[in-house]
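Text of start.cif (mmCIF, C-alpha atoms) as supplied:
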data_start
#
loop_
_atom_site.label_atom_id
_atom_site.label_comp_id
_atom_site.auth_asym_id
_atom_site.auth_seq_id
_atom_site.Cartn_x
_atom_site.Cartn_y
_atom_site.Cartn_z
CA MET T 1 140.39 37.68 -45.76
CA THR T 2 138.69 37.27 -49.15
CA THR T 3 141.41 39.23 -50.95
CA ARG T 4 144.40 37.32 -49.46
CA THR T 5 143.22 33.78 -50.16
CA PRO T 6 143.37 33.92 -54.01
CA ARG T 7 146.89 35.40 -53.92
CA ALA T 8 148.11 32.53 -51.71
CA ARG T 9 146.56 29.95 -54.04
CA ARG T 10 148.15 31.49 -57.11
CA HIS T 11 151.55 31.50 -55.40
CA ARG T 12 151.36 27.76 -54.54
CA GLY T 13 150.16 26.90 -58.01
CA ARG T 14 153.12 28.72 -59.59
CA LYS T 15 155.55 26.64 -57.52
CA LYS T 16 153.98 23.42 -58.76
CA ARG T 17 154.14 24.49 -62.39
CA ILE T 18 157.87 25.27 -62.09
CA THR T 19 158.57 21.90 -60.47
CA LEU T 20 156.74 20.03 -63.22
CA ALA T 21 158.61 21.92 -65.92
CA LEU T 22 162.03 21.08 -64.45
CA ALA T 23 161.47 17.37 -63.88
CA PRO T 24 161.73 16.24 -67.57
CA VAL T 25 164.84 18.37 -68.09
CA ALA T 26 166.58 16.77 -65.11
CA ALA T 27 165.64 13.31 -66.32
CA LEU T 28 166.98 14.08 -69.81
CA ALA T 29 170.28 15.27 -68.33
CA VAL T 30 170.73 11.86 -66.73
CA ILE T 31 169.79 9.90 -69.84
CA VAL T 32 172.07 11.70 -72.35
CA PRO T 33 175.42 10.78 -70.73
CA LEU T 34 174.32 7.16 -70.45
CA MET T 35 173.50 7.10 -74.16
CA ASN T 36 176.87 8.63 -75.03
CA GLN T 37 178.77 5.94 -73.14
CA ALA T 38 176.83 2.91 -74.37
CA GLY T 39 178.57 0.61 -76.83
CA ALA T 40 181.72 2.64 -77.47
CA ALA T 41 184.80 0.46 -78.02
CA THR T 42 187.39 0.88 -75.29
CA PRO T 43 191.15 0.96 -76.06
CA SER T 44 191.48 -2.55 -74.64
CA GLU T 45 188.68 -3.81 -76.89
CA VAL T 46 190.30 -2.14 -79.90
CA THR T 47 193.58 -3.88 -79.09
CA SER T 48 191.88 -7.24 -78.62
CA ASP T 49 189.81 -6.96 -81.82
CA CYS T 50 192.84 -5.89 -83.86
CA ALA T 51 194.99 -8.71 -82.50
CA ALA T 52 192.27 -11.28 -83.24
CA ASP T 53 191.52 -9.82 -86.69
CA SER T 54 187.90 -9.68 -85.56
CA ASP T 55 185.06 -9.99 -88.08
CA LYS T 56 183.64 -6.81 -86.55
CA LEU T 57 186.46 -4.81 -88.13
CA GLU T 58 186.51 -3.25 -91.54
CA ASN T 59 190.18 -2.41 -91.02
CA CYS T 60 192.84 -2.05 -88.33
CA GLU T 61 196.11 -0.27 -88.84
CA PHE T 62 199.17 0.89 -86.96
CA VAL T 63 199.68 4.65 -87.37
CA ASP T 64 203.31 5.73 -86.95
CA VAL T 65 204.02 8.99 -85.15
CA GLN T 66 207.79 8.94 -84.62
CA PHE T 67 210.78 6.66 -85.15
CA ARG T 68 214.37 6.17 -83.99
CA ALA T 69 216.93 4.16 -85.95
CA ASN T 70 219.91 2.35 -84.40
CA SER T 71 218.05 1.75 -81.14
CA LEU T 72 219.85 -0.95 -79.15
CA GLY T 73 217.73 -3.82 -77.87
CA PRO T 74 218.10 -5.91 -74.69
CA ASN T 75 221.55 -7.10 -73.61
CA GLN T 76 221.72 -10.86 -74.13
CA ARG T 77 224.26 -13.51 -73.24
CA VAL T 78 224.73 -15.41 -76.52
CA SER T 79 227.37 -18.04 -75.67
CA PRO T 80 227.99 -20.60 -72.92
CA VAL T 81 230.14 -19.38 -70.02
CA THR T 82 233.79 -20.49 -70.07
CA GLN T 83 235.61 -20.68 -66.71
CA ASN T 84 239.25 -19.89 -66.05
CA CYS T 85 238.93 -19.56 -62.27
CA GLY T 86 241.84 -20.09 -59.87
CA THR T 87 244.52 -19.45 -62.51
CA THR T 88 247.14 -16.76 -62.96
CA THR T 89 247.37 -16.98 -66.75
CA ALA T 90 244.98 -16.21 -69.56
CA ALA T 91 243.42 -19.03 -71.58
CA THR T 92 242.29 -19.25 -75.18
CA SER T 93 238.85 -20.78 -75.59
CA THR T 94 236.51 -21.45 -78.46
CA PHE T 95 233.07 -19.92 -78.04
CA SER T 96 229.91 -20.97 -79.86
CA VAL T 97 227.90 -17.82 -80.41
CA SER T 98 224.25 -17.99 -81.42
CA THR T 99 221.30 -15.60 -81.42
CA SER T 100 218.45 -14.41 -83.62
CA VAL T 101 216.36 -11.31 -84.24
CA THR T 102 212.75 -10.82 -85.28
CA ARG T 103 210.22 -8.03 -85.46
CA THR T 104 208.63 -7.43 -82.07
CA ILE T 105 205.56 -5.50 -80.96
CA GLN T 106 205.36 -3.85 -77.56
CA LEU T 107 201.80 -3.28 -76.46
CA GLU T 108 199.64 -5.05 -73.89
CA ASP T 109 200.55 -8.35 -72.25
CA GLY T 110 200.03 -11.28 -74.55
CA PHE T 111 199.54 -9.16 -77.65
CA THR T 112 200.36 -10.80 -80.98
CA ALA T 113 199.44 -10.02 -84.58
CA GLY T 114 199.91 -12.63 -87.31
CA ALA T 115 201.42 -11.63 -90.64
CA ASP T 116 198.16 -12.56 -92.41
CA THR T 117 196.01 -10.18 -90.31
CA LYS T 118 195.02 -6.64 -91.26
CA LEU T 119 197.25 -5.32 -88.51
CA GLY T 120 200.15 -7.57 -89.46
CA ASN T 121 199.99 -6.27 -93.02
CA SER T 122 199.98 -2.73 -91.63
CA PHE T 123 203.20 -3.43 -89.71
CA PHE T 124 204.77 -4.73 -92.92
CA GLU T 125 203.78 -1.63 -94.89
CA ILE T 126 205.08 0.69 -92.16
CA GLY T 127 208.36 -1.25 -92.14
CA LEU T 128 208.67 -0.76 -95.89
CA LYS T 129 208.52 2.98 -95.28
CA PHE T 130 211.54 2.91 -92.98
CA SER T 131 213.71 0.46 -94.94
CA THR T 132 216.32 2.49 -96.84
CA SER T 133 219.50 1.90 -98.85
CA GLU T 134 221.47 2.54 -95.65
CA ILE T 135 219.22 0.62 -93.26
CA ASN T 136 217.67 -2.69 -94.31
CA ILE T 137 215.07 -3.84 -91.77
CA THR T 138 213.11 -7.02 -91.23
CA ARG T 139 209.53 -5.98 -91.97
CA ASP T 140 207.71 -9.28 -91.48
CA ASP T 141 207.82 -11.69 -88.54
CA LYS T 142 210.51 -14.00 -89.93
CA THR T 143 213.62 -14.73 -87.87
CA THR T 144 217.15 -13.81 -88.93
CA GLY T 145 219.93 -15.73 -87.19
CA LEU T 146 223.51 -15.21 -86.18
CA ALA T 147 225.66 -18.31 -85.47
CA PHE T 148 229.41 -18.85 -85.52
CA SER T 149 232.40 -20.14 -83.51
CA ARG T 150 235.26 -17.94 -82.42
CA SER T 151 238.44 -18.37 -80.36
CA ASP T 152 239.14 -15.65 -77.83
CA THR T 153 240.91 -14.93 -74.56
CA VAL T 154 239.54 -15.54 -71.08
CA GLN T 155 241.47 -13.50 -68.52
CA PRO T 156 243.18 -15.02 -65.44
CA ASP T 157 240.80 -16.03 -62.64
CA SER T 158 237.80 -14.99 -64.71
CA ILE T 159 234.82 -16.32 -66.56
CA GLY T 160 234.22 -15.31 -70.16
CA PHE T 161 231.22 -15.20 -72.49
CA PHE T 162 229.80 -13.23 -75.41
CA MET T 163 227.14 -10.54 -75.17
CA TRP T 164 224.89 -9.12 -77.87
CA SER T 165 222.53 -6.17 -78.32
CA ALA T 166 220.63 -5.93 -81.61
CA LYS T 167 220.20 -2.66 -83.46
CA ARG T 168 216.58 -1.92 -84.25
CA THR T 169 214.44 0.79 -85.81
CA ASP T 170 211.93 1.74 -83.11
CA VAL T 171 208.69 3.01 -84.66
CA SER T 172 206.07 4.25 -82.19
CA GLY T 173 202.46 5.27 -82.64
CA PHE T 174 198.90 4.04 -82.02
CA LEU T 175 196.25 1.66 -83.36
CA LYS T 176 193.34 2.86 -85.50
CA ALA T 177 190.37 0.50 -85.81
CA THR T 178 187.48 0.99 -88.24
CA TYR T 179 184.41 -1.08 -87.34
CA LYS T 180 181.81 -2.29 -89.86
CA GLU T 181 178.95 -1.22 -87.61
CA ALA T 182 178.77 2.11 -85.82
CA GLN T 183 179.20 2.08 -82.05
CA ASP T 184 177.82 5.05 -80.19
CA GLY T 185 177.41 6.83 -83.51
CA GLN T 186 180.95 6.33 -84.79
CA LYS T 187 182.99 3.64 -86.53
CA VAL T 188 186.60 4.70 -85.84
CA PHE T 189 188.28 4.11 -82.48
CA PHE T 190 191.88 4.26 -81.27
CA ALA T 191 194.20 2.50 -78.83
CA PRO T 192 195.42 3.80 -76.52
CA ARG T 193 194.36 7.16 -78.08
CA GLU T 194 194.84 9.12 -81.28
CA GLY T 195 198.32 10.66 -81.51
CA ALA T 196 199.80 8.42 -78.78
CA THR T 197 203.33 7.00 -79.06
CA SER T 198 203.06 4.13 -76.60
CA VAL T 199 202.67 1.34 -79.20
CA HIS T 200 206.18 0.30 -80.30
CA VAL T 201 207.19 -1.87 -83.24
CA PHE T 202 210.87 -2.84 -83.26
CA TYR T 203 212.22 -3.70 -86.71
CA PRO T 204 215.62 -5.48 -86.61
CA GLN T 205 218.27 -3.88 -88.81
CA ILE T 206 220.09 -6.24 -91.17
CA LEU T 207 223.53 -5.73 -92.71
CA LYS T 208 224.01 -6.07 -96.46
CA ASN T 209 225.59 -9.52 -96.00
CA GLY T 210 222.39 -10.73 -94.30
CA THR T 211 223.79 -10.64 -90.75
CA PRO T 212 221.80 -8.88 -88.00
CA ASP T 213 223.22 -5.48 -87.11
CA GLY T 214 224.10 -4.78 -83.49
CA ARG T 215 226.83 -4.71 -80.88
CA LEU T 216 228.79 -7.86 -80.04
CA TRP T 217 231.31 -8.02 -77.22
CA LEU T 218 233.38 -10.44 -75.14
CA ARG T 219 232.84 -9.99 -71.41
CA ASN T 220 235.27 -11.21 -68.74
CA VAL T 221 234.11 -11.21 -65.11
CA LYS T 222 236.35 -11.86 -62.09
CA CYS T 223 235.68 -15.19 -60.38
CA GLY T 224 234.30 -15.17 -56.84
CA THR T 225 232.51 -11.84 -57.27
CA PRO T 226 228.75 -11.40 -56.86
CA GLU T 227 228.51 -10.72 -60.59
CA ALA T 228 230.30 -13.95 -61.54
CA ASN T 229 228.36 -16.00 -58.98
CA GLY T 230 225.05 -14.69 -60.31
CA ILE T 231 225.97 -15.63 -63.88
CA GLN T 232 227.22 -19.10 -62.94
CA ASN T 233 224.15 -19.82 -60.80
CA SER T 234 221.80 -18.83 -63.60
CA GLY T 235 223.19 -21.47 -65.96
CA ASN T 236 222.05 -20.84 -69.51
CA SER T 237 218.77 -19.23 -68.51
CA LEU T 238 217.98 -15.74 -69.81
CA ARG T 239 218.38 -12.87 -67.40
CA ALA T 240 218.90 -9.13 -67.56
CA GLU T 241 222.56 -8.23 -68.08
CA PRO T 242 224.33 -4.84 -67.96
CA GLY T 243 225.10 -3.16 -71.27
CA PHE T 244 228.47 -2.66 -72.91
CA GLY T 245 230.87 -0.97 -70.49
CA GLU T 246 228.29 -1.08 -67.70
CA GLY T 247 229.33 -4.32 -65.96
CA GLY T 248 231.18 -2.58 -63.13
CA ASP T 249 234.76 -2.81 -61.84
CA ASN T 250 234.79 -6.62 -61.92
CA ALA T 251 233.93 -6.85 -65.63
CA THR T 252 235.94 -6.11 -68.76
CA ASP T 253 234.25 -5.70 -72.14
CA VAL T 254 235.92 -5.92 -75.55
CA GLU T 255 233.80 -5.07 -78.60
CA ILE T 256 234.05 -7.35 -81.62
CA PRO T 257 233.73 -5.62 -85.03
CA LEU T 258 230.86 -7.12 -87.02
CA SER T 259 233.19 -7.27 -90.02
CA GLU T 260 234.79 -10.24 -88.21
CA VAL T 261 231.44 -12.04 -87.94
CA PRO T 262 230.64 -14.43 -90.81
CA ALA T 263 227.35 -14.03 -92.64
CA SER T 264 224.68 -16.52 -91.54
CA ALA T 265 222.05 -18.11 -93.72
CA SER T 266 219.90 -19.25 -90.81
#
So, in terms of structure tokens, how does the structure I just supplied come out?
Amino acid sequence: MTTRTPRARRHRGRKKRITLALAPVAALAVIVPLMNQAGAATPSEVTSDCAADSDKLENCEFVDVQFRANSLGPNQRVSPVTQNCGTTTAATSTFSVSTSVTRTIQLEDGFTAGADTKLGNSFFEIGLKFSTSEINITRDDKTTGLAFSRSDTVQPDSIGFFMWSAKRTDVSGFLKATYKEAQDGQKVFFAPREGATSVHVFYPQILKNGTPDGRLWLRNVKCGTPEANGIQNSGNSLRAEPGFGEGGDNATDVEIPLSEVPASAS
């Protein structure tokens, strides 16, 4: 009995010492991840701070990763609709065509960046990089217009109008923000992440005569069809339209060479 009791006590004491030694390590393992996550700027915060030209920033820039020239933009109806329904002969009508192009940024909803911000200047500098002797692009946020009148043919029992799709240089990349004060031990953060290509800047391409580059076409649509009814019911409001040659069996598209379009100073 006297020899067994000390061994039992030593065994219980060893268990306690092990437990006490592990407790601080386990607590430290919980604390370290919390410290790593505290204060780090999220991609959404980077976007917001860059857009607002926040005082917290030392700099914010758009980093280009890839680009594609001659990218066609949205298909837009750029003239009032002329009706020639219920007739068996074609009619010549005068169309007033008007549209404009400007540099656009595709990021999060509501995102804007003024030309006088750090990020706006970055977009301008990137645009300068992709403007060549063959392709002149609009680098800043000014608007370049296209406006003219033209007589053309509306087919029998059809409605007619002009469509336009601007040519753009699509530059994609990500945002890089450098903060004045370190957050979580670092000053540089990215949105959505470094190396991403989900931030797009579309630079309109401009012809040498100052006219926006793109595709212009006259579209005739048979009256009484769902396509024609949808267009007539929409009035002059903007809506998604099929591209050139994609209007279906009830539509006929005729491309207009841009050499026939007068230069616009607007």
Per-residue nearest contacts segment 73-120 of chain T to segment 215-235 of chain T, cut-off 8 Å, using only C-alpha atoms, as CSV:
residue,atom,partner,partner_atom,distance
T:Val81,CA,T:Gln232,CA,7.7
T:Cys85,CA,T:Cys223,CA,5.8
T:Gly86,CA,T:Cys223,CA,7.9
Under the PyMOL selection byres ((chain T and resi 120-129) around 8), which residues of this model are included? Write them out as a JSON list (two decimals) with C-alpha atoms, keeping the file's coordinate frame.
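And here is the file that came out, part_4.json:
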[["chain", "number", "residue", "atom", "x", "y", "z"],
["T", 60, "CYS", "CA", 192.84, -2.05, -88.33],
["T", 61, "GLU", "CA", 196.11, -0.27, -88.84],
["T", 62, "PHE", "CA", 199.17, 0.89, -86.96],
["T", 64, "ASP", "CA", 203.31, 5.73, -86.95],
["T", 113, "ALA", "CA", 199.44, -10.02, -84.58],
["T", 114, "GLY", "CA", 199.91, -12.63, -87.31],
["T", 115, "ALA", "CA", 201.42, -11.63, -90.64],
["T", 116, "ASP", "CA", 198.16, -12.56, -92.41],
["T", 117, "THR", "CA", 196.01, -10.18, -90.31],
["T", 118, "LYS", "CA", 195.02, -6.64, -91.26],
["T", 119, "LEU", "CA", 197.25, -5.32, -88.51],
["T", 130, "PHE", "CA", 211.54, 2.91, -92.98],
["T", 131, "SER", "CA", 213.71, 0.46, -94.94],
["T", 132, "THR", "CA", 216.32, 2.49, -96.84],
["T", 137, "ILE", "CA", 215.07, -3.84, -91.77],
["T", 138, "THR", "CA", 213.11, -7.02, -91.23],
["T", 139, "ARG", "CA", 209.53, -5.98, -91.97],
["T", 140, "ASP", "CA", 207.71, -9.28, -91.48],
["T", 201, "VAL", "CA", 207.19, -1.87, -83.24],
["T", 203, "TYR", "CA", 212.22, -3.70, -86.71]]
*Applied to this file, what does the PyMOL selection byres ((chain T and resi 41) around 12) return in terms of residues, put as a ChimeraX atom specification?*
/T:36-40,42-50,56-57,176-179,181-193
*What residues have an atom no more than 12 Å from (234.8, -5.6, -87.0) in the file's own frame, counting only C-alpha atoms, and can you write them as a PyMOL selection string?*
chain T and resi 213-217+254-262
*asked:* Given the PyMOL selection byres ((chain T and resi 92-100) around 6) and the file above, list the residues it selects as a ChimeraX atom specification.
replied: /T:78-79,91,101,144-153
Please, could you write that set of residues out with C-alpha atoms as a PDB file, in the coordinates of the input?
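Produced file selection.pdb, reproduced below:
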ATOM      1  CA  VAL T  78     224.730 -15.410 -76.520  1.00  0.00           C
ATOM      2  CA  SER T  79     227.370 -18.040 -75.670  1.00  0.00           C
ATOM      3  CA  ALA T  91     243.420 -19.030 -71.580  1.00  0.00           C
ATOM      4  CA  VAL T 101     216.360 -11.310 -84.240  1.00  0.00           C
ATOM      5  CA  THR T 144     217.150 -13.810 -88.930  1.00  0.00           C
ATOM      6  CA  GLY T 145     219.930 -15.730 -87.190  1.00  0.00           C
ATOM      7  CA  LEU T 146     223.510 -15.210 -86.180  1.00  0.00           C
ATOM      8  CA  ALA T 147     225.660 -18.310 -85.470  1.00  0.00           C
ATOM      9  CA  PHE T 148     229.410 -18.850 -85.520  1.00  0.00           C
ATOM     10  CA  SER T 149     232.400 -20.140 -83.510  1.00  0.00           C
ATOM     11  CA  ARG T 150     235.260 -17.940 -82.420  1.00  0.00           C
ATOM     12  CA  SER T 151     238.440 -18.370 -80.360  1.00  0.00           C
ATOM     13  CA  ASP T 152     239.140 -15.650 -77.830  1.00  0.00           C
ATOM     14  CA  THR T 153     240.910 -14.930 -74.560  1.00  0.00           C
TER      15      THR T 153
END
*When you draw a straight line from atom CA of Asp170 of chain T to atom CA of Ser198 of chain T, how long is it in Å?*
11.3 Å
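Restricting the calculation to all atoms listed in the file, the smallest distance between Ala69 of chain T and any of T:Arg239, T:Arg168, T:Arg103, T:Lys208 is found for T:Arg168.
Across the model, the gap from atom CA of Ser133 of chain T to atom CA of Phe202 of chain T is 18.4 Å.
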